[in-house]
>>> print(open('protein_25.txt').read())   # compact mmCIF, C-alpha atoms
# COMPACT_ATOMS: atom_id res chain seq x y z
CA MET T 1 -10.59 -14.46 -17.63
CA PRO T 2 -8.26 -12.87 -15.04
CA ARG T 3 -5.96 -10.11 -16.18
CA ILE T 4 -2.25 -10.89 -15.95
CA ALA T 5 -0.34 -8.16 -14.10
CA LYS T 6 2.19 -6.35 -16.21
CA GLU T 7 5.51 -5.04 -14.95
CA PRO T 8 4.31 -1.42 -14.39
CA ASP T 9 1.42 -2.79 -12.32
CA LEU T 10 3.83 -4.74 -10.16
CA GLU T 11 6.09 -1.69 -9.80
CA PHE T 12 3.08 0.37 -8.70
CA GLN T 13 2.09 -2.27 -6.14
CA ALA T 14 5.65 -2.37 -4.79
CA ALA T 15 5.81 1.43 -4.54
CA LEU T 16 2.45 1.56 -2.76
CA GLY T 17 3.70 -1.13 -0.38
CA ASP T 18 6.81 0.90 0.39
CA LYS T 19 4.69 3.94 1.22
CA LEU T 20 2.36 1.90 3.45
CA ARG T 21 5.27 0.31 5.32
CA SER T 22 6.95 3.69 5.86
CA ALA T 23 3.71 5.23 7.14
CA ARG T 24 3.06 2.27 9.44
CA LEU T 25 6.55 2.43 10.91
CA ARG T 26 6.27 6.22 11.42
CA ALA T 27 3.01 5.54 13.30
CA ARG T 28 4.87 2.91 15.36
CA LEU T 29 2.33 0.21 14.58
CA SER T 30 2.93 -3.45 13.91
CA GLN T 31 1.33 -5.06 10.88
CA GLU T 32 -1.04 -6.83 13.24
CA GLU T 33 -2.08 -3.61 15.00
CA LEU T 34 -2.68 -1.82 11.70
CA ALA T 35 -4.62 -4.78 10.31
CA PHE T 36 -6.85 -5.08 13.38
CA ALA T 37 -7.64 -1.36 13.44
CA ALA T 38 -8.34 -1.28 9.67
CA ASP T 39 -10.40 -4.50 9.73
CA VAL T 40 -8.15 -6.36 7.29
CA SER T 41 -6.05 -9.46 7.86
CA PRO T 42 -2.40 -9.16 8.96
CA ARG T 43 -1.46 -11.33 5.98
CA HIS T 44 -3.14 -8.84 3.64
CA VAL T 45 -1.16 -5.95 5.16
CA SER T 46 2.02 -7.99 4.74
CA ASN T 47 1.16 -8.80 1.12
CA ILE T 48 0.42 -5.14 0.34
CA GLU T 49 3.70 -4.02 1.91
CA ARG T 50 5.64 -6.60 -0.11
CA GLY T 51 3.91 -5.56 -3.35
CA LEU T 52 2.24 -8.94 -3.77
CA THR T 53 -1.35 -7.72 -3.91
CA ASN T 54 -3.26 -4.77 -5.21
CA PRO T 55 -5.51 -3.38 -2.44
CA GLY T 56 -8.91 -1.95 -3.22
CA VAL T 57 -9.83 1.68 -2.69
CA VAL T 58 -11.83 0.91 0.44
CA GLN T 59 -8.88 -0.95 1.95
CA ILE T 60 -6.54 1.93 1.14
CA ALA T 61 -9.00 4.34 2.75
CA ARG T 62 -9.27 2.20 5.90
CA LEU T 63 -5.50 1.85 6.22
CA ALA T 64 -5.00 5.58 5.66
CA HIS T 65 -7.67 6.42 8.25
CA VAL T 66 -5.91 4.33 10.90
CA LEU T 67 -2.60 5.97 9.98
CA ARG T 68 -4.28 9.42 10.12
CA LEU T 69 -3.42 10.13 6.51
CA GLN T 70 -5.30 11.07 3.38
CA PRO T 71 -5.68 7.97 1.16
CA GLY T 72 -3.86 9.73 -1.67
CA SER T 73 -0.74 10.04 0.46
CA LEU T 74 -0.27 6.27 0.17
CA MET T 75 -0.24 6.45 -3.61
CA PRO T 76 3.19 6.52 -5.27
CA ARG T 77 4.41 9.47 -7.30
CA ILE T 78 4.53 8.91 -11.05
CA ASP T 79 7.55 9.91 -13.18
CA GLN T 80 7.39 11.53 -16.62
CA GLU T 81 7.20 8.14 -18.32
CA GLY T 82 4.19 7.17 -16.22
CA ARG T 83 6.10 4.76 -14.00
CA PRO T 84 5.80 4.78 -10.22
CA VAL T 85 8.66 6.24 -8.22
CA ARG T 86 9.68 4.10 -5.25
CA ASP T 87 10.61 6.19 -2.25
CA THR T 88 13.72 4.86 -0.57
>>> encode(input="protein_25.txt", output="structure tokens")
Amino acid sequence: MPRIAKEPDLEFQAALGDKLRSARLRARLSQEELAFAADVSPRHVSNIERGLTNPGVVQIARLAHVLRLQPGSLMPRIDQEGRPVRDT
């Protein structure tokens, strides 16, 4: 039976998406360019950036590699209550 995402999960996905979008824009790459180089679909990159999907560790590592980042740098910071902090 699939697990239903809870609000903190969705907040984490949204925060991760914000970090990915910021890193992609700093690298001056389009979603399509990043997707091609990381061997994922452009739709998947779009969904990650919009917080609609939870990427796997391998996908995070591939995206980070293309962006010349450590995979952990795409992970959101966590506040004292254990909730992700969205960088704005």
>>> atom_distance(input="protein_25.txt", atom1="CA of Gln13 in chain T", atom2="CA of Asn54 in chain T")
6.0 Å
>>> residues_around(input="protein_25.txt", residues="Ile48 in chain T", least_positions_apart="6", cutoff="12 Å", atoms="all atoms listed in the file", output="number ranges by chain")
T: 10, 12-21, 31, 35, 40-42, 54-56, 59-60, 63, 74
>>> closest_residue(input="protein_25.txt", among="T:Leu29, T:Val57, T:Leu52, T:Leu34", to="Met75 in chain T", atoms="all atoms listed in the file")
T:Val57
>>> atom_distance(input="protein_25.txt", atom1="CA of Gly82 in chain T", atom2="CA of Glu11 in chain T")
11.1 Å
>>> atom_distance(input="protein_25.txt", atom1="CA of Pro84 in chain T", atom2="CA of Arg50 in chain T")
15.2 Å
>>> residues_around(input="protein_25.txt", residues="Val58 in chain T", least_positions_apart="6", cutoff="12 Å", atoms="all atoms listed in the file", output="PyMOL selection string")
chain T and resi 38-40+64-65+71
>>> closest_residue(input="protein_25.txt", among="T:Arg83, T:Glu49, T:Ala27, T:Ala37", to="Leu67 in chain T", atoms="only C-alpha atoms")
T:Ala27
>>> axis_aligned_box(input="protein_25.txt", around="range 32-37 of chain T", padding_each_side="6 Å", output="lines of an AutoDock Vina configuration file")
center_x = -4.3
center_y = -4.1
center_z = 12.7
size_x = 18.6
size_y = 17.5
size_z = 16.7
